[in-house]
Amino acid sequence: MKGILFFLFALQASWGIAQDFTIGGRITDSNRNPISFANILLYKEDSETPLKGVSTADDGTFSIEKVPSGNYKYSISYLGFDTLNAPIVVAGNLDLGDLILKENTQALDETVVTAKLPTIKKTVGKLVFNVENTSLSVGNTMDLLKKTPGIVVVGEGIQIKFSSPTVYINGKRVYLSQSEIVSLLENTDAANIKSIEVITNPSAKFDADSGTVLNIVTSKAISIGYKGSVNSTFTQGVYPKYNFGTSHFYKNNWLNLYGSYNYNTKKEYKSDFNYIRFFEVDEVSTKSIWETDFNRTTNSENHNANVVMDFTLDEKNSLSFTSNISISPEVTFDNTGFASIYNPQRQLDSVFTTLSDVIFNKENLTFNLDYTRQLGNEGAQFTAAANYIYYNHNQNQNVITDYFLPDNTFLRNNSFYTESHQQSNIFTSQADISVPLWGGTLESGLKFSNIDTDSKLDFFDVDSNVTSFNNLLSDDFNYKENVYAEYINYEKEWEKWTVIAGLRGEYTDIDAFSRVLGEVNTQQYFWLFPSASIYHNFNENNGLGLSYNRSITRPRYQSLNPFRYFITENNFFGGNPNLQPAITDRITLSYDYKSKWFFSLYYENIDNALGLLTFQDNENSILRTVDANLIKEYQYSFDILFYDSLYKWWWFQIATSTYYLANEFSALESSQESYKNDTFGQYLQMASNFALSKDRSFTADLSGMYISNFVTGNRYFKNQSSINISFRKEFWDKRASLTVGVDDIFNTLDDVASVAQYYNQDNRFLVDAENRLFRIGFRYNFGNARLRDNNKQIQTDEGNRLQGN
């Protein structure tokens, strides 16, 4: 109720009406020849973000309409000429007359277009990597993330501080699975990215479910016209992979229209070696040793389409419609397992083979409507948004296991198959208001989320080609969740100080029902999530900051689903409908020197942390991996970041983290109650960009990553590293580009080992996946290449908890 009253008060207090004017003029060179397609950007006096932008006509004239009175500055630019900047005061219609651009003789003589170098801005709890119009604005956005400090990319995994971040684009959350996000970013041109924000301490404005945040900010559309692009990538690992994409953008005075389509088809290979030592009842003596070679071949194809329509209704009102559609019509897993079972003396007792075929399809359809109202001329703004997500997933699995004696004498056969279905309907609505207050900005908002997920699993036993329905292993599962949230956040920046403080409250109502288990998860809870940051800039070379943030992690819907996915009949994954949310507290102390060196001390504590735990059922010789609440999880780290342009042709950055990771969990299959899994470790990331030609049309990127020991759940990992290299050549007046590169050149990400060894648990995996990949890609841009995309994705919190996210 307080939030609603605040909205009404702010609406009344901030409403205003202002007269609008027109600014016109003509752009020429020193010989008074008109310059067409020059860019004119208009800024408010104290802003670095363009308010309006136009391009000159064939006769060099331009007109910027509907400009409120006030103090402004303009910037006029055109290739081969010096940029013209000047302040202006608008009190009526304004004719600037002829504005002359001076030729840049150095650029013309040498035909050199000098790109800016990337910069890093570190504030409390957030690192901003500015890459617009820099040497790194090449390739795709996934390539860009690999060069972003603080982000670890291994395969399709994106991590910040050893956790999967919530991905936002332009401040809105992405409702796509992890693999779909990767596909989207691989088909988004890095030239359209303004900055990458790595947020380890999100403010109260972000949903409480946003622990760490990756916010990708795209360049704002300014100029009127049309542009488009087509791109294609071929990737060779064990098997070939293909990708095709196209994007189109059109802008006029009242409409920004963006559309893209991407298609990819992949064949992927993965193998792992699994060792299990099962124990006797005494939890000391060996009962048997199982060694399994497992191979999986995946065939998949995905269609991803994105449509954005931004409507300018008038000077104060705008409307935006966004739609993301991701469809995977058929994905198949061909699984083969060969296991050898030994007695304690390492004598072969028996062997078995398992063939498992999985076929699934899924649809992820997301629709968003945003309304924005400017309140007066002081920067106050009201926004309202509604989102709807439809997610549908169907999967069939067939498992056949044959058992043999060591001499290949057939013993028995066990066969079964499952049919599963999951459908989710998610609706969210929110309203936010932002008003200037006491020299800063006060923000407040309300949000409501409704989630309804229905899942069904039918389990069938097969005996001598006779199929029978297994009621005990079949189930229907329904999960309903309502979340009511309200937040208030205040931010103010002085000459040497910056303060951000906020508070978010969320009330959650959950009801989950299983046909077999009955009422399995009924929760009602209300929590407050404070956040605060303070930063002091002592002088131009030194700054110190401190931040605190509390967040919640709710279980993903698939993790709550009690159904099982089988690797073999003795090895399966299963969900847990009794999962509880996790609460995280983070504190960061940071120091920066000359805006090139950044140091930070980081602490994180998670109560009821959510994770995957792998347990041995020694009595029945079963290995099961379950979603579970850990007792707690915490980490300490000391991080160092340095970046600089060492030479005009070499940009370099290095990030390192020395850390201690620990967690404690219930030892479900052991007589002891709990176990602590911990380690010290080191993380190192380096990236270099080389200009191989004077005009930077030929560049190279070299990046590397190393992670020593780390733990997750009840598993321990050791030593992962990779080195990637790529070359990019631009031609045809930089409208076309060809990129060639290799990921994981030395194939060092192969044979990654993980171990769970404590009490009566002793199992390990050695994973070999397609990590060394050769890529070649081509992109061609057409139309008005000066345009910037309004490309954005529908991003909310609830959709990220869908299967695979």
# chains A, B, ... in the order shown; residues from 1 in each chain; ligands from 1

call {"tool": "residues_around", "arguments": {"residues": "stretch 616-630 of chain A", "least_positions_apart": "5", "cutoff": "6 Å", "atoms": "only C-alpha atoms", "output": "JSON, numbers by chain"}}
result
{"A": [278, 279, 559, 570, 571, 572, 573, 574, 575, 576, 608, 609, 610, 611, 665]}

call {"tool": "write_last_selection", "arguments": {"atoms": "C-alpha atoms", "output": "CSV table (one decimal), in the first residue's frame"}}
result
chain,number,residue,atom,x,y,z
A,278,PHE,CA,30.6,-49.6,-3.3
A,279,PHE,CA,30.9,-50.4,0.4
A,559,SER,CA,14.7,-29.2,-9.9
A,570,ASN,CA,21.7,-47.9,-11.9
A,571,ASN,CA,22.6,-44.3,-12.5
A,572,PHE,CA,20.0,-41.6,-12.6
A,573,PHE,CA,19.2,-37.9,-11.9
A,574,GLY,CA,16.2,-37.0,-9.8
A,575,GLY,CA,14.4,-33.8,-8.7
A,576,ASN,CA,13.3,-32.9,-5.2
A,608,ASN,CA,20.3,-23.6,2.3
A,609,ALA,CA,22.4,-23.4,-0.8
A,610,LEU,CA,20.9,-25.2,-3.8
A,611,GLY,CA,23.1,-27.7,-5.6
A,665,PHE,CA,25.8,-30.8,3.4

call {"tool": "residues_around", "arguments": {"residues": "A:Ser320", "least_positions_apart": "3", "cutoff": "12 Å", "atoms": "only C-alpha atoms", "output": "MDAnalysis selection string"}}
result
chainID A and resid 254:258 307:313 317 323 367:373 383:387 790:794

call {"tool": "write_last_selection", "arguments": {"atoms": "C-alpha atoms", "output": "PDB file, in the first residue's frame"}}
result
ATOM      1  CA  TRP A 254       7.901   7.146 -34.457  1.00  0.00           C
ATOM      2  CA  LEU A 255       8.971   3.508 -34.888  1.00  0.00           C
ATOM      3  CA  ASN A 256      12.032   1.401 -34.083  1.00  0.00           C
ATOM      4  CA  LEU A 257      11.614  -2.037 -35.655  1.00  0.00           C
ATOM      5  CA  TYR A 258      14.043  -4.896 -35.141  1.00  0.00           C
ATOM      6  CA  VAL A 307      10.979  -9.109 -32.769  1.00  0.00           C
ATOM      7  CA  VAL A 308      11.159  -5.676 -31.122  1.00  0.00           C
ATOM      8  CA  MET A 309       8.792  -2.802 -31.896  1.00  0.00           C
ATOM      9  CA  ASP A 310       9.336   0.515 -30.087  1.00  0.00           C
ATOM     10  CA  PHE A 311       6.601   3.111 -30.657  1.00  0.00           C
ATOM     11  CA  THR A 312       7.024   6.806 -29.834  1.00  0.00           C
ATOM     12  CA  LEU A 313       3.434   7.871 -29.136  1.00  0.00           C
ATOM     13  CA  ASN A 317       4.808   8.491 -23.991  1.00  0.00           C
ATOM     14  CA  SER A 323       8.734 -11.269 -28.571  1.00  0.00           C
ATOM     15  CA  PHE A 367       5.959 -11.882 -25.004  1.00  0.00           C
ATOM     16  CA  ASN A 368       6.450  -8.524 -23.339  1.00  0.00           C
ATOM     17  CA  LEU A 369       4.654  -5.165 -23.399  1.00  0.00           C
ATOM     18  CA  ASP A 370       6.265  -2.043 -21.867  1.00  0.00           C
ATOM     19  CA  TYR A 371       4.785   1.428 -21.374  1.00  0.00           C
ATOM     20  CA  THR A 372       6.904   4.478 -20.405  1.00  0.00           C
ATOM     21  CA  ARG A 373       5.654   7.928 -19.399  1.00  0.00           C
ATOM     22  CA  THR A 383       7.047   2.537 -16.446  1.00  0.00           C
ATOM     23  CA  ALA A 384       4.679  -0.431 -16.512  1.00  0.00           C
ATOM     24  CA  ALA A 385       5.325  -3.855 -18.015  1.00  0.00           C
ATOM     25  CA  ALA A 386       3.563  -7.188 -18.521  1.00  0.00           C
ATOM     26  CA  ASN A 387       5.214 -10.479 -19.523  1.00  0.00           C
ATOM     27  CA  ASN A 790      17.336  -1.562 -30.490  1.00  0.00           C
ATOM     28  CA  ASN A 791      17.893  -5.311 -30.170  1.00  0.00           C
ATOM     29  CA  LYS A 792      16.755  -6.466 -26.745  1.00  0.00           C
ATOM     30  CA  GLN A 793      15.358  -9.563 -25.129  1.00  0.00           C
ATOM     31  CA  ILE A 794      12.487 -10.186 -22.771  1.00  0.00           C
TER      32      ILE A 794
END

call {"tool": "residues_around", "arguments": {"residues": "A:Thr748", "least_positions_apart": "4", "cutoff": "10 Å", "atoms": "only C-alpha atoms", "output": "PyMOL selection string"}}
result
chain A and resi 719-723+744+752+771-772

call {"tool": "residues_around", "arguments": {"residues": "A:Gln761", "least_positions_apart": "6", "cutoff": "12 Å", "atoms": "only C-alpha atoms", "output": "count of residues only"}}
result
30

call {"tool": "residues_around", "arguments": {"residues": "A:Phe410", "least_positions_apart": "6", "cutoff": "12 Å", "atoms": "only C-alpha atoms", "output": "list of chain:residue names"}}
result
A:Ser350, A:Val351, A:Phe352, A:Thr353, A:Thr401, A:Asp402, A:Tyr403, A:Phe404

call {"tool": "closest_residue", "arguments": {"among": "A:Ser444, A:Ser420, A:Gln397, A:Thr200", "to": "A:Gln558", "atoms": "only C-alpha atoms"}}
result
A:Ser420

call {"tool": "atom_distance", "arguments": {"atom1": "atom CA of A:Asn408", "atom2": "atom CA of A:Ile289"}}
result
18.8 Å

call {"tool": "closest_atom_pairs", "arguments": {"of": "stretch 557-643 of chain A", "to": "stretch 458-479 of chain A", "cutoff": "10 Å", "atoms": "only C-alpha atoms", "output": "tab-separated table"}}
result
residue	atom	partner	partner_atom	distance
A:Tyr557	CA	A:Tyr479	CA	7.9
A:Leu560	CA	A:Tyr479	CA	8.4
A:Asn561	CA	A:Phe477	CA	6.8
A:Pro562	CA	A:Phe477	CA	7.8
A:Phe563	CA	A:Asp475	CA	7.7
A:Arg564	CA	A:Leu473	CA	9.2
A:Pro577	CA	A:Phe477	CA	9.0

call {"tool": "write_last_selection", "arguments": {"atoms": "C-alpha atoms", "output": "mmCIF file, in the first residue's frame"}}
result
data_model
loop_
_atom_site.group_PDB
_atom_site.id
_atom_site.type_symbol
_atom_site.label_atom_id
_atom_site.label_comp_id
_atom_site.auth_asym_id
_atom_site.auth_seq_id
_atom_site.Cartn_x
_atom_site.Cartn_y
_atom_site.Cartn_z
ATOM 1 C CA TYR A 557 11.006 -25.737 -11.675
ATOM 2 C CA LEU A 560 11.384 -29.471 -7.994
ATOM 3 C CA ASN A 561 10.045 -32.081 -10.406
ATOM 4 C CA PRO A 562 10.461 -35.548 -8.750
ATOM 5 C CA PHE A 563 10.888 -37.347 -12.086
ATOM 6 C CA ARG A 564 14.058 -39.200 -13.069
ATOM 7 C CA PRO A 577 9.861 -31.363 -4.604
#

call {"tool": "atom_distance", "arguments": {"atom1": "atom CA of A:Tyr643", "atom2": "atom CA of A:Lys596"}}
result
5.5 Å

call {"tool": "residues_around", "arguments": {"residues": "A:Phe448", "least_positions_apart": "2", "cutoff": "7 Å", "atoms": "only C-alpha atoms", "output": "number ranges by chain"}}
result
A: 428-430, 450, 483-485

call {"tool": "write_last_selection", "arguments": {"atoms": "C-alpha atoms", "output": "JSON list (two decimals), in the first residue's frame"}}
result
[["chain", "number", "residue", "atom", "x", "y", "z"],
["A", 428, "THR", "CA", 4.47, -11.20, -14.51],
["A", 429, "SER", "CA", 3.47, -7.57, -14.21],
["A", 430, "GLN", "CA", 5.31, -4.65, -12.70],
["A", 450, "ASN", "CA", 2.29, -16.07, -11.18],
["A", 483, "VAL", "CA", 5.38, -13.75, -5.65],
["A", 484, "TYR", "CA", 4.47, -10.21, -4.53],
["A", 485, "ALA", "CA", 7.38, -7.75, -4.43]]

call {"tool": "residues_around", "arguments": {"residues": "A:Lys316", "least_positions_apart": "2", "cutoff": "7 Å", "atoms": "only C-alpha atoms", "output": "PyMOL selection string"}}
result
chain A and resi 314+318+373-374

call {"tool": "write_last_selection", "arguments": {"atoms": "N, CA and C atoms", "output": "PDB file, in the first residue's frame"}}
result
ATOM      1  N   ASP A 314       4.202  10.016 -28.352  1.00  0.00           N
ATOM      2  CA  ASP A 314       4.428  11.454 -28.389  1.00  0.00           C
ATOM      3  C   ASP A 314       5.704  11.722 -27.603  1.00  0.00           C
ATOM      4  N   SER A 318       5.776   6.376 -24.639  1.00  0.00           N
ATOM      5  CA  SER A 318       6.299   5.385 -25.575  1.00  0.00           C
ATOM      6  C   SER A 318       5.800   3.996 -25.179  1.00  0.00           C
ATOM      7  N   ARG A 373       6.191   6.571 -19.428  1.00  0.00           N
ATOM      8  CA  ARG A 373       5.654   7.928 -19.399  1.00  0.00           C
ATOM      9  C   ARG A 373       6.667   8.848 -18.735  1.00  0.00           C
ATOM     10  N   GLN A 374       7.123   9.878 -19.471  1.00  0.00           N
ATOM     11  CA  GLN A 374       7.998  10.893 -18.909  1.00  0.00           C
ATOM     12  C   GLN A 374       7.153  11.881 -18.122  1.00  0.00           C
TER      13      GLN A 374
END

call {"tool": "atom_distance", "arguments": {"atom1": "atom CA of A:Val213", "atom2": "atom CA of A:Asn489"}}
result
17.3 Å

call {"tool": "closest_residue", "arguments": {"among": "A:Ile426, A:Ser688, A:Val331, A:Ser288", "to": "A:Asp349", "atoms": "only C-alpha atoms"}}
result
A:Ser288
